[in-house]
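Colleague: Just one file: run.txt, with compact mmCIF, N, CA and C atoms.
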```
# COMPACT_ATOMS: atom_id res chain seq x y z
N MET U 1390 0.84 -1.18 0.00
CA MET U 1390 0.00 0.00 0.00
C MET U 1390 0.89 1.24 0.00
N ALA U 1391 0.59 2.18 -0.86
CA ALA U 1391 1.40 3.39 -0.97
C ALA U 1391 1.08 4.34 0.17
N LYS U 1392 2.12 4.97 0.69
CA LYS U 1392 1.94 5.95 1.76
C LYS U 1392 1.67 7.30 1.15
N LYS U 1393 0.83 8.08 1.84
CA LYS U 1393 0.60 9.46 1.43
C LYS U 1393 1.80 10.29 1.88
N SER U 1394 2.07 11.36 1.15
CA SER U 1394 3.14 12.25 1.61
C SER U 1394 2.64 13.03 2.82
N ASP U 1395 3.56 13.55 3.60
CA ASP U 1395 3.20 14.30 4.81
C ASP U 1395 2.29 15.47 4.49
N ASP U 1396 2.52 16.13 3.35
CA ASP U 1396 1.74 17.31 3.00
C ASP U 1396 0.31 16.95 2.64
N LYS U 1397 0.08 15.76 2.11
CA LYS U 1397 -1.26 15.39 1.66
C LYS U 1397 -2.05 14.65 2.72
N ALA U 1398 -1.39 14.11 3.72
CA ALA U 1398 -2.09 13.37 4.77
C ALA U 1398 -2.82 14.36 5.68
N THR U 1399 -4.06 14.06 5.96
CA THR U 1399 -4.83 14.94 6.84
C THR U 1399 -4.61 14.53 8.29
N TYR U 1400 -4.89 15.45 9.17
CA TYR U 1400 -4.77 15.17 10.60
C TYR U 1400 -5.71 14.03 10.96
N GLN U 1401 -6.93 14.09 10.45
CA GLN U 1401 -7.92 13.06 10.76
C GLN U 1401 -7.47 11.69 10.24
N GLY U 1402 -6.91 11.66 9.05
CA GLY U 1402 -6.43 10.41 8.47
C GLY U 1402 -5.28 9.82 9.28
N LEU U 1403 -4.34 10.68 9.67
CA LEU U 1403 -3.22 10.21 10.49
C LEU U 1403 -3.70 9.72 11.84
N SER U 1404 -4.67 10.44 12.40
CA SER U 1404 -5.21 10.04 13.70
C SER U 1404 -5.89 8.67 13.60
N GLN U 1405 -6.60 8.44 12.52
CA GLN U 1405 -7.26 7.14 12.33
C GLN U 1405 -6.21 6.03 12.18
N GLN U 1406 -5.15 6.32 11.44
CA GLN U 1406 -4.07 5.34 11.29
C GLN U 1406 -3.46 5.01 12.64
N LEU U 1407 -3.25 6.03 13.46
CA LEU U 1407 -2.69 5.81 14.79
C LEU U 1407 -3.64 4.96 15.64
N ASP U 1408 -4.92 5.25 15.57
CA ASP U 1408 -5.90 4.43 16.31
C ASP U 1408 -5.82 2.97 15.87
N ASP U 1409 -5.70 2.75 14.57
CA ASP U 1409 -5.61 1.38 14.05
C ASP U 1409 -4.37 0.66 14.57
N VAL U 1410 -3.25 1.37 14.56
CA VAL U 1410 -1.99 0.78 15.04
C VAL U 1410 -2.09 0.48 16.54
N MET U 1411 -2.71 1.39 17.28
CA MET U 1411 -2.83 1.18 18.73
C MET U 1411 -3.68 -0.05 19.03
N LEU U 1412 -4.72 -0.28 18.24
CA LEU U 1412 -5.53 -1.48 18.43
C LEU U 1412 -4.69 -2.74 18.20
N LYS U 1413 -3.84 -2.70 17.19
CA LYS U 1413 -2.96 -3.84 16.92
C LYS U 1413 -1.99 -4.07 18.07
N LEU U 1414 -1.48 -2.98 18.63
CA LEU U 1414 -0.54 -3.10 19.75
C LEU U 1414 -1.20 -3.66 21.00
N GLN U 1415 -2.48 -3.43 21.15
CA GLN U 1415 -3.19 -3.90 22.33
C GLN U 1415 -3.56 -5.38 22.25
N ASP U 1416 -3.39 -5.98 21.10
CA ASP U 1416 -3.70 -7.40 20.93
C ASP U 1416 -2.71 -8.22 21.76
N PRO U 1417 -3.17 -9.01 22.71
CA PRO U 1417 -2.26 -9.78 23.56
C PRO U 1417 -1.52 -10.88 22.78
N ASN U 1418 -1.98 -11.20 21.60
CA ASN U 1418 -1.36 -12.26 20.81
C ASN U 1418 -0.40 -11.73 19.75
N VAL U 1419 -0.15 -10.42 19.74
CA VAL U 1419 0.73 -9.85 18.72
C VAL U 1419 2.16 -10.33 18.96
N ALA U 1420 2.81 -10.73 17.88
CA ALA U 1420 4.20 -11.19 17.97
C ALA U 1420 5.11 -10.01 18.29
N ILE U 1421 6.19 -10.27 18.98
CA ILE U 1421 7.10 -9.20 19.41
C ILE U 1421 7.67 -8.43 18.22
N ASP U 1422 7.99 -9.13 17.14
CA ASP U 1422 8.51 -8.44 15.95
C ASP U 1422 7.46 -7.50 15.36
N ASP U 1423 6.21 -7.96 15.34
CA ASP U 1423 5.13 -7.11 14.84
C ASP U 1423 4.90 -5.94 15.79
N ALA U 1424 4.93 -6.19 17.09
CA ALA U 1424 4.73 -5.13 18.06
C ALA U 1424 5.79 -4.04 17.92
N THR U 1425 7.01 -4.46 17.68
CA THR U 1425 8.10 -3.50 17.49
C THR U 1425 7.85 -2.64 16.26
N ARG U 1426 7.41 -3.28 15.20
CA ARG U 1426 7.12 -2.56 13.95
C ARG U 1426 5.94 -1.61 14.16
N TYR U 1427 4.91 -2.07 14.85
CA TYR U 1427 3.75 -1.21 15.12
C TYR U 1427 4.14 -0.03 16.00
N TYR U 1428 5.00 -0.27 16.98
CA TYR U 1428 5.46 0.82 17.85
C TYR U 1428 6.19 1.89 17.04
N GLU U 1429 7.07 1.44 16.16
CA GLU U 1429 7.81 2.39 15.31
C GLU U 1429 6.84 3.17 14.43
N GLN U 1430 5.86 2.49 13.87
CA GLN U 1430 4.88 3.16 13.03
C GLN U 1430 4.08 4.18 13.85
N ALA U 1431 3.71 3.81 15.06
CA ALA U 1431 2.97 4.73 15.93
C ALA U 1431 3.79 5.98 16.23
N MET U 1432 5.07 5.81 16.50
CA MET U 1432 5.93 6.96 16.80
C MET U 1432 6.03 7.89 15.59
N GLN U 1433 6.11 7.32 14.40
CA GLN U 1433 6.16 8.14 13.18
C GLN U 1433 4.86 8.90 12.98
N LEU U 1434 3.74 8.24 13.22
CA LEU U 1434 2.45 8.90 13.09
C LEU U 1434 2.30 10.02 14.11
N ILE U 1435 2.74 9.79 15.33
CA ILE U 1435 2.68 10.82 16.37
C ILE U 1435 3.50 12.03 15.96
N ALA U 1436 4.67 11.80 15.40
CA ALA U 1436 5.52 12.92 14.95
C ALA U 1436 4.81 13.71 13.84
N GLN U 1437 4.16 13.02 12.93
CA GLN U 1437 3.43 13.70 11.85
C GLN U 1437 2.25 14.49 12.41
N LEU U 1438 1.55 13.91 13.37
CA LEU U 1438 0.44 14.62 14.00
C LEU U 1438 0.92 15.87 14.73
N GLU U 1439 2.04 15.77 15.41
CA GLU U 1439 2.60 16.94 16.10
C GLU U 1439 2.98 18.02 15.10
N GLU U 1440 3.50 17.64 13.94
CA GLU U 1440 3.83 18.62 12.90
C GLU U 1440 2.57 19.33 12.42
N HIS U 1441 1.50 18.58 12.22
CA HIS U 1441 0.23 19.19 11.80
C HIS U 1441 -0.23 20.20 12.84
N LEU U 1442 -0.18 19.83 14.11
CA LEU U 1442 -0.62 20.74 15.17
C LEU U 1442 0.25 21.99 15.23
N GLU U 1443 1.54 21.81 15.06
CA GLU U 1443 2.45 22.96 15.08
C GLU U 1443 2.15 23.91 13.92
N ARG U 1444 1.90 23.35 12.73
CA ARG U 1444 1.56 24.20 11.59
C ARG U 1444 0.24 24.94 11.84
N ALA U 1445 -0.72 24.25 12.44
CA ALA U 1445 -2.01 24.89 12.73
C ALA U 1445 -1.82 26.02 13.75
N GLU U 1446 -1.04 25.77 14.78
CA GLU U 1446 -0.78 26.80 15.79
C GLU U 1446 -0.10 28.02 15.16
N ASN U 1447 0.88 27.78 14.31
CA ASN U 1447 1.57 28.88 13.64
C ASN U 1447 0.62 29.67 12.75
N HIS U 1448 -0.27 28.96 12.08
CA HIS U 1448 -1.24 29.63 11.21
C HIS U 1448 -2.18 30.51 12.03
N VAL U 1449 -2.63 30.02 13.17
CA VAL U 1449 -3.50 30.81 14.05
C VAL U 1449 -2.75 32.04 14.55
N ARG U 1450 -1.48 31.89 14.90
CA ARG U 1450 -0.69 33.04 15.35
C ARG U 1450 -0.58 34.09 14.25
N GLU U 1451 -0.37 33.63 13.01
CA GLU U 1451 -0.28 34.56 11.88
C GLU U 1451 -1.60 35.31 11.69
N ILE U 1452 -2.70 34.59 11.79
CA ILE U 1452 -4.02 35.22 11.64
C ILE U 1452 -4.23 36.26 12.73
N ARG U 1453 -3.88 35.91 13.96
CA ARG U 1453 -4.03 36.87 15.07
C ARG U 1453 -3.16 38.10 14.86
N ALA U 1454 -1.94 37.87 14.39
CA ALA U 1454 -1.04 38.99 14.17
C ALA U 1454 -1.56 39.90 13.08
N GLN U 1455 -2.08 39.32 12.01
CA GLN U 1455 -2.66 40.12 10.92
C GLN U 1455 -3.90 40.88 11.39
N SER U 1456 -4.67 40.21 12.23
CA SER U 1456 -5.88 40.84 12.75
C SER U 1456 -5.53 42.02 13.65
N SER U 1457 -4.49 41.85 14.47
CA SER U 1457 -4.05 42.94 15.36
C SER U 1457 -3.50 44.11 14.57
N GLU U 1458 -2.81 43.82 13.48
CA GLU U 1458 -2.22 44.88 12.66
C GLU U 1458 -3.29 45.70 11.94
N SER U 1459 -4.39 45.06 11.59
CA SER U 1459 -5.42 45.76 10.83
C SER U 1459 -6.36 46.57 11.70
N GLU U 1460 -6.27 46.40 13.02
CA GLU U 1460 -7.16 47.16 13.92
C GLU U 1460 -6.62 48.53 14.20
```
Using the file provided, produce a representation of the structure as C-alpha cells.
Modeller:
Amino acid sequence: MAKKSDDKATYQGLSQQLDDVMLKLQDPNVAIDDATRYYEQAMQLIAQLEEHLERAENHVREIRAQSSESE
C-alpha cells in the first residue's frame, strides 16, 4: 500500500491510522517483531500529528497577528 506524503495526509487520516496501530498493539497475541514494527509506526504517526498541530498553531498566530495589525 502506498503511503501518502506528509503534506497530503490529513490530521484526521493520520489520527485514524494511529488508532488502528494502537488497536494492533493492544492485541495480547501480537508477535514481538510485529509489536516493534507497530510501535515504530505509531511513533512516526505521532511525529506527523505533532507537525500538523504545530503548523495549525503557527497559522492561528499569523491570523491573530494580521488581525491585530489591521485594527
Colleague: Mind pulling up the distance from CA of Val1410 (chain U) to CA of Tyr1427 (chain U)?
Modeller: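 Computing the Euclidean distance for CA of Tyr1427 (chain U) and CA of Val1410 (chain U) yields 6.1 Å.
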Colleague: If you run DSSP on the backbone here, which positions in chain U get alpha helix (DSSP H)? Please write them as JSON, numbers by chain.
Modeller: {"U": [1400, 1401, 1402, 1403, 1404, 1405, 1406, 1407, 1408, 1409, 1410, 1411, 1412, 1413, 1414, 1415, 1421, 1422, 1423, 1424, 1425, 1426, 1427, 1428, 1429, 1430, 1431, 1432, 1433, 1434, 1435, 1436, 1437, 1438, 1439, 1440, 1441, 1442, 1443, 1444, 1445, 1446, 1447, 1448, 1449, 1450, 1451, 1452, 1453, 1454, 1455, 1456, 1457, 1458, 1459]}
Colleague: Measure the distance from CA of Leu1434 (chain U) to atom N of Leu1407 (chain U) in Å and round it to one decimal.
Modeller: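 These atoms are spaced 6.4 Å apart.
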Colleague: Work out where the centre of an axis-aligned box around every listed atom of region 1418-1436 of chain U lies and how long its edges are once 8 Å is added on each side; give both in Å to one decimal as JSON.
Modeller:
```
{"center_x": 3.3, "center_y": 0.7, "center_z": 17.3, "size_x": 26.5, "size_y": 42.0, "size_z": 24.6}
```
